[in-house]
Structure formats: structure tokens, C-alpha cells
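Notes follow once the structure below has been shown.
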Number of protein chains: 6
Amino acid sequence: MSESGSAGFTHLTESGDARMVDVSAKESSARSATATGRVLLAPEAVSALRDGEVPKGDALAVARVAGIQGAKRTPDLVPLCHPIAVHGVDVDLQVRDEGVHISATVRTADRTGVEMEALTCVTAAALGLVDMVKALDPQAVVSDVRVEEKTGGKSGDWRRSR
Amino acid sequence: MSESGSAGFTHLTESGDARMVDVSAKESSARSATATGRVLLAPEAVSALRDGEVPKGDALAVARVAGIQGAKRTPDLVPLCHPIAVHGVDVDLQVRDEGVHISATVRTADRTGVEMEALTCVTAAALGLVDMVKALDPQAVVSDVRVEEKTGGKSGDWRRSR
Amino acid sequence: MSESGSAGFTHLTESGDARMVDVSAKESSARSATATGRVLLAPEAVSALRDGEVPKGDALAVARVAGIQGAKRTPDLVPLCHPIAVHGVDVDLQVRDEGVHISATVRTADRTGVEMEALTCVTAAALGLVDMVKALDPQAVVSDVRVEEKTGGKSGDWRRSR
Amino acid sequence: MSESGSAGFTHLTESGDARMVDVSAKESSARSATATGRVLLAPEAVSALRDGEVPKGDALAVARVAGIQGAKRTPDLVPLCHPIAVHGVDVDLQVRDEGVHISATVRTADRTGVEMEALTCVTAAALGLVDMVKALDPQAVVSDVRVEEKTGGKSGDWRRSR
Amino acid sequence: MSESGSAGFTHLTESGDARMVDVSAKESSARSATATGRVLLAPEAVSALRDGEVPKGDALAVARVAGIQGAKRTPDLVPLCHPIAVHGVDVDLQVRDEGVHISATVRTADRTGVEMEALTCVTAAALGLVDMVKALDPQAVVSDVRVEEKTGGKSGDWRRSR
Amino acid sequence: MSESGSAGFTHLTESGDARMVDVSAKESSARSATATGRVLLAPEAVSALRDGEVPKGDALAVARVAGIQGAKRTPDLVPLCHPIAVHGVDVDLQVRDEGVHISATVRTADRTGVEMEALTCVTAAALGLVDMVKALDPQAVVSDVRVEEKTGGKSGDWRRSR
């Protein structure tokens, strides 16, 4: 933080109150964001997913649909998020020994980045999955939900560095 | 998993299709669930939260409101979740060196447990916070979101063991 | 219509204006409603569903989730519907030569019947399915959506007669 | 405010943070709340409503439906409001010389009062009406929205005194 | 279906999982879709609609508002639907001997077609109407809901052929 | 109203039925609307807001978030409102002797004006505030909610004159 104080923080009005930043002067352009996360599960739950004892298709299908719908509902959930035209969503779930890895890419041709949409997609898919397996493992943990990379927009491409 | 196969998994119909389990015969009773989670942040973001350069009250207030509203919107987000009468929500956010710790307790006097509501509350608060500080730290991570304990219901009190 | 005029129509105020009927004096009791409907499809679309060229599991899984979530969203869609505690939802989809048959049963222990929830569940599943196959058959038709039977409540069990 | 400080303000945690007050120990009981409000309109808009140049039935019908749906959506709009089982809603709109008077009564048999639901019903009806007539009068004013009386609950009946 | 297998089905990823197709590279253009449907009713219900024993204006007005709001809520209901800028909605309801005919046209200047919005509009209007008359005719049937024609977009105008 | 009858009222079809006006041929352009309103409060409530006995930051922060989210939810609440890309929202709340003054400016670069979004923002903030202080003053009144000025669009800038 430099001497310029909070001058650069466009979420805040002079008095420190939250506001939705005006993006009407920004140009629409193709943008994407990819986020990932994990749902850590007990071996029994992983086995059930793998052996179809929790019908794999359905548990993962429900989580996938939850993720896509979550992406669309981002402005409802995140108070200062702009409503945005979500133009494409891919959600990928992979069952591994420790649980399920989730990756989501959201695309748009709009005025703001879609990293919050990608994060909301991953968390909604994770919550949908936890709900499906919580009878098998009430100790499921949602972890490491984070933005991996972004493309497009004025600031250009970005890839996480830590 | 015992020999009884999927007999005990009430989310599934015989053919393995997802359904919303019938709980109409369950009795309403006082229940609660507590979930926790963390938002890991760069030192600059933590400092900003602490020094009020990101006006602490507001960033945390927005996250707290996001959490409470998220708890109410659980059945919208989690496909097979029952709509439930959320009777009380406490959300606590604490700024620490590594980021922000979130704890949420949801209470009800209804027919099903509220662990999904508590998890949704924590994740919605986390997403709300990430959105507030993402200009300060685009690498924020939502981690360790999990149920800590439950009270009430037929199965009685439960506390996480791992 | 008997001589009693509109006396029995509790959706209307004296002046003919719509209102949400007061049910607070009604007792909560176990109720269910079953509705059915059909999505008529071209042979190519039916074949694709059967042969997995439209991955059967997913198209039907998406429709099923759409139906369950639609049931929960009934009071949002149907203006004068009471918000109700949906306690259980079963959605069944069967691929037949002419298209897909949908059957949904909604259960509650609340103050009003759930026939609108069952109808909304069927139509939401139907719309979800049409969206999945509309590239295969843009002429899909949603037809014969109707309540088949109801149980519980003051008026007791009811079964359709035409 | 007495010496007891904030002891009686159950919306606040010790640290002053907002929370949704726990009402799970309260008993369900029949409650109602009536709220009123006015939409002040230019004479031309009032004439149009009266003469059917803005087809009276529709403009008022749209407003009425908006009010009923608004009542159901109260917990979405008012952050700390409990989701509540709205059991009945009456909305009355009367065209007078100065504009339209709106009165709404909401009924429930639940754990909390429904004054916020009644206020939200009146404001949603008012906004719906303003939208219908704004081409006729862009200067419409929504005014005097307030709770008139409440019945039921532990605190008993209440009537506004100023 | 040609030998090219599922190559042309853009709703599916390679592994057959549902995703929201990326339309960000499509151009916005004026588009419309018209859908129709019927609500089949008993003669008593039709008479009541005609004679104003079920106040015609209101029952049809409620259905019309339900349809317009349903069109706006399409991406909430249909899991893989893109959120779209609905730019115009006309809903027409006509009372005939067999019941009520519904026709809806939805217009946009956006990247995807609006046939799902038109279908959702018709079904929401139908459900809203059924709810209004279900005390008069619990056997109402929603039938023949289908897209009649589309205009605009890359594929140009289309009219149903069966 | 001239002899041209209802020719200019684009919310109405020929038969007087409500419809959502087609704006797809309008050009997107930068627009804004500012609305204001007041919440009249008892001196005790004002004092509590000023002295922090109702923790000022939070009560006002909750109201502010309610306003921003309300602006985004305008098309859900106002039946014939177009869904619009809300591009910026400022909400200002000032505590005065008589209560709280609310001012909101909504900005967009879309096809229709945002005066309904600005009015919904003010009313949602007002309802959120009333809910926070209703234990202190159950007689709060929401008053004088109105559009102050608009900029942009085909009709150009406009400022209220009465």
C-alpha cells in the first residue's frame, strides 16, 4: 500500500462504504477464468464413488449441474458482484484417492472478469457433492478453492504464482 | 460398506437415480450445526483488513451478510437439499496472520439436519470476502471448509473426529 | 356452479381481486401428489437417448435435477402458491418409442396440497430434457401434464377420473 | 435506552456483528401484520387509471401480483429476515385523487412476526405500480409505507400510535 | 445421425458430461421465438372463465404475469440454459371451448436463441392458470407445449413442420 | 392524454393486456438514474444509530448491501421490468434527526433506463434498515421514495420538477 491511500480501491466510496463499482465504461471483451478445488473424502466414500455404490454418474452429475447453476447465481450470492452474461461453463470432476478434484472454466464476452463465477462454480459443485456423500462421510472437507488463471480483459492473461 | 449394499442410502432410488429423500415422517426437533473454514490471504491483504485500508468493518460486514443470506439460499444451491426453516444464524470472522477464519452456526427446529446450511453459510461468506479483497490479493484460497459439530435430531450430537 | 355463487372460491376477494388464501388455521398433515407428463420426440432423439449418443445418463440426470429444483421453486413461479415445506420428491423418467414419460411424486407434512409442486416438477423436468435434446429434435412437444392422484389433507385421497 | 445497554437487542452479537436471531425455541402461533402505503401520482395518471386508459384491471392486477410475490420473497430481500411460512396475503389497492392507496395483510402460523413481509408486500406492489404508470408520470412517489397493526405472538396485539 | 458420432453435440464434453456451451464468440443479433400450448379444462371451468365467475381478468392476468416472469427465470429453471437478455415478451391467452390457448413470443438481441424462454413462458403461464382454476377443475391438463417458429440467429428463420 | 388514445403506451397490447415491451431494437448506451427516499425514525432509534447503541456500521452496512442486492433483483420483483445489466450501484445513507436519508445511483450501458433499479435499491435499503431497527422503533415509516434524475438514453437527461 503506497501513500496514495485507498485511492485505487474501487470497491470503496470515499467514506469507506461498499458499492458496486461502475464498469459501464469498460469494453466488452472475451474473458475466461479457471478455478479449482478439492473435496477430501474418507476411503469408503471414494470407493463408493469408484465402485458405483454411490451411483457415480449421478453423484457427479448432480455436482456438475450444481456447479453450472451456481455459476449463473454468482451475483445473488456475492453481494457486490456484477450480474454478468455467463457464456460458457465447463466443470470437470475427477475421483482420486483422497477425494474429488474439481476444475471449472467460465467464459464470457462482457465487461468484467469471471473469476468469482469460476470460484462459485467450484464451491457449488463441491457443496452439491458433499450433500450426495455426507451419509457415507460426514467429515468431508472442501479445500484449496482458488483461481488458477484468467484470460482477456484490459489486464490481460494472468496465472497464479503461489 | 457392508453387504447390505446401497440399502441404507436414502438419496438413491432402486435404479440409482437421485431423489429428494422423504422426511415428512420425521419429527421436528431443535437442531444445530457448526461449520468452519478459512480464507488464506497475502500479508498485504491481511494488513489492509487490520489497518482499515480495506475498511475492515465493511469487508467483514459484507462477508457476514453474504454468509447469512447464503444459509437461507442453501436449497437453491444444493440440488437435493430440503428447503428448511432456518431459525438462527451466527457468523464469526476473525482476521489472523494467514487470513480470515470463518465459523458459522445454524439453528432450526425442523425435520432435517442443517449441516449443509452451515457449510453453505461459510462458503458464501468466504466468497463474499474474496470478492472484497481480490484487488489486493488475486491469489486468495478458500480452504478447510468442514462441519465441526451437530446437535439434535434422531442421531443425536456429533463432533468431528479427524 | 351452484347457487352459492363464488362463495366457495377462496382465491378471490369480494371484489374479484387475486389473493393468497389464508391457510394458517389448517392443520399440518402428511400429503402427497403425483403428476405425470410426456415429452414427445422424433425417433432420432429417442434413439440417441437409448443408444447413448446423447449420453442417456446425463440428459436424464439433468432433467431429473431440474425437476427436483423446480418443485422447490414452485412458489416463485406460481404467483398465488403458498411457500411450502417440500419434504420429498421422486422423479422418474422412462424412455419410450414416442419420447420420454415423466412421473413425479411430491410429499409434505404441511398445510396445503402439493399438486402444484408435482406439476411444476414434471414441467421443469420436461423443459430440462427438451433443452438437452433440442439440437436433435427442435420439434419436441411437452404434453399431457396432469395430476394423477393426491393423498392426505382434509379432503382425503383423490384419483383422477378422466 | 436504559442502563441495560444493548442487552435486549437480539440482532447483535457481543461484538456488534449482525446475526440472524435464533427463534427455534419460540412457539409457532397465528400471527398477522397489516401495512399500508401510498403511491402519489399526477392527475393524468390517476385519470388514466380511473378511465381505463391505462387499463385499470391490468395495472392494478400486476401490482397486486407483485405484492404477493414480494411477500414471499422477503427473506431474499431483507438480509436478516427469517424465512417464514407465509400462509395468507391480501393486497388491496384503491385509486384516489392523489394516487393509489395500498393495504396488505400477511398471515402466518410460524415463530416470528410478519411485519417485514407486510412492508415488503406493500413496497413491491408500489414498485410494480410505478413501473406500470411511469410513462404517464415519471415523478411518482412511494410514501408512508408503515406497519399499522400486528396480532398474535408472545407480545400480543399492537396498533400503531403515531 | 451420421458416422461423425457425437461430434456435433456441443452440450457434451468428450467424456459425455453436461456443460454450458460456450457462445462468447457468437454475435449478438435480433432473434425471436414463438411457442404455444393449451390448458384443457372442464366445461364448468371454461364457463367460469367466460362468465366471470372466476373473475376472468384476474385469472388470465395472473397467468400472463406468471408467464412473463417465467420467461425471465428460464436460466434458473433449465440447468444448462444461458442467462440471456430477454428484451420483449408477449403472452396471449384465449379462452376456447376446450380450455385456454396460450401463445408467447420472446424477443432478444443476444447470442443464443430464445426458444427455451418461449417454452418456459408458456408453461409458467399454464401453471399459473391451473393454480387459479384448480378448485373448479382439479383435472386440468397442460398439453401441446411446443415451439412454433424462430427468427434470427446464424441458422435463420425456422418454422415447425409437424 | 390526447385523441391518440392508448397508442403511445407500449406496455399494453391492443386488448389491454400487460406485456414486456420489446426493446431489442434500442441501442445500448450509458445511462444512470438516481433515486432517494427516507426512513423516518423515533428519536431513540436515531440516537442509537448515532451513539452506536445499534452498532451504526453494521445497521447501515446491512442496509447498504440490501440495497445493492435489491438493485440486482429488480426484474424478479417488478413483473414487467426487463432484466438489465446493472453496471454500477452507489448507495448512500445519512443519519439525520428525523431518520435516515437514502440516495442511490444505478448505472448501466444497456437498452433501457434504470429508474426502477434505483427505486428498488432505495426501497430494499429502507426495508433492510427498518428490519435492523424495528426492535427500537416499530413505527418506522418509509417515505418519499422517488426518482430524482436520469441521464442517457434516447430521451436524454431528465430532472424531477415537483
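Ordering of the C-alpha cells sets the chain letters (A, B, ...), residue numbers begin anew at 1 in every chain, and ligands are numbered from 1 in the order given.
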
Note to self: Tell me as a PyMOL selection string which residues belonging to chain E come within 7 Å of chain A, counting only C-alpha atoms.
What the structure shows: chain E and resi 19-24+79+82-83

Residue subset to file, keeping N, CA, C and O atoms, as an mmCIF file, in the first residue's frame:
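Generated file (part-v2.cif):
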```
data_model
loop_
_atom_site.group_PDB
_atom_site.id
_atom_site.type_symbol
_atom_site.label_atom_id
_atom_site.label_comp_id
_atom_site.auth_asym_id
_atom_site.auth_seq_id
_atom_site.Cartn_x
_atom_site.Cartn_y
_atom_site.Cartn_z
ATOM 1 N N ARG E 19 -22.248 -29.702 -20.028
ATOM 2 C CA ARG E 19 -21.604 -28.426 -19.821
ATOM 3 C C ARG E 19 -22.437 -27.340 -20.491
ATOM 4 O O ARG E 19 -23.295 -27.631 -21.325
ATOM 5 N N MET E 20 -22.204 -26.091 -20.106
ATOM 6 C CA MET E 20 -22.882 -24.997 -20.769
ATOM 7 C C MET E 20 -22.000 -24.563 -21.932
ATOM 8 O O MET E 20 -20.870 -24.107 -21.745
ATOM 9 N N VAL E 21 -22.525 -24.755 -23.144
ATOM 10 C CA VAL E 21 -21.787 -24.488 -24.371
ATOM 11 C C VAL E 21 -21.292 -23.045 -24.416
ATOM 12 O O VAL E 21 -22.041 -22.126 -24.081
ATOM 13 N N ASP E 22 -20.064 -22.861 -24.839
ATOM 14 C CA ASP E 22 -19.506 -21.510 -24.935
ATOM 15 C C ASP E 22 -20.078 -20.776 -26.148
ATOM 16 O O ASP E 22 -19.898 -21.195 -27.282
ATOM 17 N N VAL E 23 -20.770 -19.677 -25.892
ATOM 18 C CA VAL E 23 -21.321 -18.888 -27.003
ATOM 19 C C VAL E 23 -20.673 -17.506 -27.086
ATOM 20 O O VAL E 23 -21.180 -16.622 -27.774
ATOM 21 N N SER E 24 -19.553 -17.329 -26.398
ATOM 22 C CA SER E 24 -18.983 -15.978 -26.334
ATOM 23 C C SER E 24 -18.493 -15.492 -27.695
ATOM 24 O O SER E 24 -18.381 -14.294 -27.922
ATOM 25 N N PRO E 79 -31.284 -26.110 -16.381
ATOM 26 C CA PRO E 79 -29.919 -26.093 -15.840
ATOM 27 C C PRO E 79 -28.847 -25.593 -16.800
ATOM 28 O O PRO E 79 -27.962 -24.849 -16.383
ATOM 29 N N HIS E 82 -28.291 -20.646 -21.040
ATOM 30 C CA HIS E 82 -27.532 -19.425 -20.799
ATOM 31 C C HIS E 82 -28.443 -18.350 -20.231
ATOM 32 O O HIS E 82 -29.581 -18.222 -20.659
ATOM 33 N N PRO E 83 -27.906 -17.563 -19.301
ATOM 34 C CA PRO E 83 -28.661 -16.386 -18.885
ATOM 35 C C PRO E 83 -28.699 -15.455 -20.092
ATOM 36 O O PRO E 83 -27.682 -15.261 -20.760
#
```

Notebook entry, point to check: range 7-145 of chain A: which residues are helix (DSSP H, G or I) by DSSP, as a ChimeraX atom specification?
Noted result: /A:7-8,43-51,56-72,74-77,115-133

Next item on the list: Quick one: everything within 7 Å of Ala140 in chain D, counting only C-alpha atoms, minus sequence neighbours fewer than 3 positions away in the same chain. Send it as a count of residues only.
Entry: 6

Item checked: Atomic separation - CA of Val95 in chain E relative to CA of Ser155 in chain C, Å -> 29.3 Å

Notebook entry, point to check: Which value, in Å to one decimal, gives the distance between CA of Ala42 in chain B and CA of Cys81 in chain A?
Noted result: 21.6 Å

Notebook entry, point to check: Do you know which residues are at most 9 Å from Glu27 in chain A counting only C-alpha atoms, after dropping those on the same chain fewer than 5 positions away, and could you put them as a PyMOL selection string?
Noted result: chain A and resi 110-112+153-154

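Ranking A:Gln139, A:Thr120, A:Arg38, A:Ala48 by their shortest atom-to-atom distance to Gln94 in chain A, with only C-alpha atoms included, puts A:Arg38 first.
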
Check: Can you list every residue in range 112-156 of chain C that DSSP puts in strand (DSSP E or B), as an MDAnalysis selection string?
Finding: chainID C and resid 141:152

How about saving the chosen residues, all heavy atoms kept, as a PDB file, in the first residue's frame?
```pdb
ATOM      1  N   VAL C 141     -42.333 -31.829 -28.100  1.00  0.00           N
ATOM      2  CA  VAL C 141     -43.604 -31.331 -27.561  1.00  0.00           C
ATOM      3  C   VAL C 141     -43.762 -31.829 -26.121  1.00  0.00           C
ATOM      4  O   VAL C 141     -43.556 -33.012 -25.844  1.00  0.00           O
ATOM      5  CB  VAL C 141     -44.800 -31.845 -28.403  1.00  0.00           C
ATOM      6  CG1 VAL C 141     -46.125 -31.379 -27.796  1.00  0.00           C
ATOM      7  CG2 VAL C 141     -44.672 -31.383 -29.851  1.00  0.00           C
ATOM      8  N   VAL C 142     -44.126 -30.900 -25.224  1.00  0.00           N
ATOM      9  CA  VAL C 142     -44.443 -31.287 -23.847  1.00  0.00           C
ATOM     10  C   VAL C 142     -45.947 -31.455 -23.760  1.00  0.00           C
ATOM     11  O   VAL C 142     -46.696 -30.530 -24.075  1.00  0.00           O
ATOM     12  CB  VAL C 142     -43.970 -30.213 -22.853  1.00  0.00           C
ATOM     13  CG1 VAL C 142     -44.351 -30.621 -21.426  1.00  0.00           C
ATOM     14  CG2 VAL C 142     -42.466 -29.988 -22.980  1.00  0.00           C
ATOM     15  N   SER C 143     -46.392 -32.638 -23.326  1.00  0.00           N
ATOM     16  CA  SER C 143     -47.824 -32.899 -23.409  1.00  0.00           C
ATOM     17  C   SER C 143     -48.347 -33.654 -22.198  1.00  0.00           C
ATOM     18  O   SER C 143     -47.599 -34.304 -21.467  1.00  0.00           O
ATOM     19  CB  SER C 143     -48.115 -33.706 -24.685  1.00  0.00           C
ATOM     20  OG  SER C 143     -49.177 -33.108 -25.401  1.00  0.00           O
ATOM     21  N   ASP C 144     -49.663 -33.555 -22.020  1.00  0.00           N
ATOM     22  CA  ASP C 144     -50.376 -34.377 -21.046  1.00  0.00           C
ATOM     23  C   ASP C 144     -49.826 -34.255 -19.637  1.00  0.00           C
ATOM     24  O   ASP C 144     -49.728 -35.241 -18.905  1.00  0.00           O
ATOM     25  CB  ASP C 144     -50.340 -35.841 -21.494  1.00  0.00           C
ATOM     26  CG  ASP C 144     -50.956 -36.019 -22.866  1.00  0.00           C
ATOM     27  OD1 ASP C 144     -52.146 -35.702 -23.017  1.00  0.00           O
ATOM     28  OD2 ASP C 144     -50.227 -36.408 -23.807  1.00  0.00           O
ATOM     29  N   VAL C 145     -49.514 -33.034 -19.246  1.00  0.00           N
ATOM     30  CA  VAL C 145     -49.038 -32.799 -17.877  1.00  0.00           C
ATOM     31  C   VAL C 145     -50.255 -32.649 -16.980  1.00  0.00           C
ATOM     32  O   VAL C 145     -51.074 -31.751 -17.187  1.00  0.00           O
ATOM     33  CB  VAL C 145     -48.155 -31.534 -17.812  1.00  0.00           C
ATOM     34  CG1 VAL C 145     -47.705 -31.280 -16.387  1.00  0.00           C
ATOM     35  CG2 VAL C 145     -46.962 -31.677 -18.751  1.00  0.00           C
ATOM     36  N   ARG C 146     -50.396 -33.502 -16.004  1.00  0.00           N
ATOM     37  CA  ARG C 146     -51.626 -33.529 -15.215  1.00  0.00           C
ATOM     38  C   ARG C 146     -51.418 -34.225 -13.876  1.00  0.00           C
ATOM     39  O   ARG C 146     -50.543 -35.081 -13.729  1.00  0.00           O
ATOM     40  CB  ARG C 146     -52.701 -34.256 -16.004  1.00  0.00           C
ATOM     41  CG  ARG C 146     -52.298 -35.677 -16.344  1.00  0.00           C
ATOM     42  CD  ARG C 146     -53.214 -36.268 -17.403  1.00  0.00           C
ATOM     43  NE  ARG C 146     -53.260 -37.731 -17.257  1.00  0.00           N
ATOM     44  CZ  ARG C 146     -53.904 -38.545 -18.075  1.00  0.00           C
ATOM     45  NH1 ARG C 146     -54.575 -38.052 -19.101  1.00  0.00           N
ATOM     46  NH2 ARG C 146     -53.905 -39.842 -17.868  1.00  0.00           N
ATOM     47  N   VAL C 147     -52.255 -33.904 -12.923  1.00  0.00           N
ATOM     48  CA  VAL C 147     -52.231 -34.559 -11.615  1.00  0.00           C
ATOM     49  C   VAL C 147     -52.914 -35.905 -11.730  1.00  0.00           C
ATOM     50  O   VAL C 147     -54.009 -36.007 -12.299  1.00  0.00           O
ATOM     51  CB  VAL C 147     -52.968 -33.696 -10.565  1.00  0.00           C
ATOM     52  CG1 VAL C 147     -52.908 -34.365  -9.201  1.00  0.00           C
ATOM     53  CG2 VAL C 147     -52.347 -32.297 -10.500  1.00  0.00           C
ATOM     54  N   GLU C 148     -52.271 -36.948 -11.222  1.00  0.00           N
ATOM     55  CA  GLU C 148     -52.867 -38.284 -11.270  1.00  0.00           C
ATOM     56  C   GLU C 148     -53.594 -38.633  -9.978  1.00  0.00           C
ATOM     57  O   GLU C 148     -54.688 -39.184 -10.006  1.00  0.00           O
ATOM     58  CB  GLU C 148     -51.782 -39.345 -11.546  1.00  0.00           C
ATOM     59  CG  GLU C 148     -51.098 -39.199 -12.894  1.00  0.00           C
ATOM     60  CD  GLU C 148     -52.031 -39.493 -14.071  1.00  0.00           C
ATOM     61  OE1 GLU C 148     -53.118 -40.065 -13.855  1.00  0.00           O
ATOM     62  OE2 GLU C 148     -51.664 -39.136 -15.220  1.00  0.00           O
ATOM     63  N   GLU C 149     -52.933 -38.311  -8.849  1.00  0.00           N
ATOM     64  CA  GLU C 149     -53.614 -38.588  -7.586  1.00  0.00           C
ATOM     65  C   GLU C 149     -53.024 -37.768  -6.461  1.00  0.00           C
ATOM     66  O   GLU C 149     -51.899 -37.268  -6.556  1.00  0.00           O
ATOM     67  CB  GLU C 149     -53.536 -40.081  -7.243  1.00  0.00           C
ATOM     68  CG  GLU C 149     -52.126 -40.610  -7.084  1.00  0.00           C
ATOM     69  CD  GLU C 149     -52.132 -42.089  -6.671  1.00  0.00           C
ATOM     70  OE1 GLU C 149     -53.182 -42.746  -6.786  1.00  0.00           O
ATOM     71  OE2 GLU C 149     -51.091 -42.585  -6.217  1.00  0.00           O
ATOM     72  N   LYS C 150     -53.811 -37.623  -5.419  1.00  0.00           N
ATOM     73  CA  LYS C 150     -53.387 -36.911  -4.233  1.00  0.00           C
ATOM     74  C   LYS C 150     -53.763 -37.730  -3.011  1.00  0.00           C
ATOM     75  O   LYS C 150     -54.752 -38.466  -3.028  1.00  0.00           O
ATOM     76  CB  LYS C 150     -54.107 -35.562  -4.120  1.00  0.00           C
ATOM     77  CG  LYS C 150     -53.842 -34.582  -5.217  1.00  0.00           C
ATOM     78  CD  LYS C 150     -54.755 -33.366  -5.100  1.00  0.00           C
ATOM     79  CE  LYS C 150     -54.701 -32.770  -3.702  1.00  0.00           C
ATOM     80  NZ  LYS C 150     -55.580 -31.569  -3.592  1.00  0.00           N
ATOM     81  N   THR C 151     -52.970 -37.609  -1.950  1.00  0.00           N
ATOM     82  CA  THR C 151     -53.349 -38.247  -0.699  1.00  0.00           C
ATOM     83  C   THR C 151     -53.242 -37.230   0.415  1.00  0.00           C
ATOM     84  O   THR C 151     -52.501 -36.256   0.324  1.00  0.00           O
ATOM     85  CB  THR C 151     -52.432 -39.434  -0.354  1.00  0.00           C
ATOM     86  OG1 THR C 151     -51.119 -38.931  -0.053  1.00  0.00           O
ATOM     87  CG2 THR C 151     -52.316 -40.423  -1.503  1.00  0.00           C
ATOM     88  N   GLY C 152     -53.999 -37.486   1.466  1.00  0.00           N
ATOM     89  CA  GLY C 152     -53.906 -36.659   2.666  1.00  0.00           C
ATOM     90  C   GLY C 152     -54.713 -35.389   2.600  1.00  0.00           C
ATOM     91  O   GLY C 152     -55.417 -35.115   1.633  1.00  0.00           O
TER      92      GLY C 152
END
```
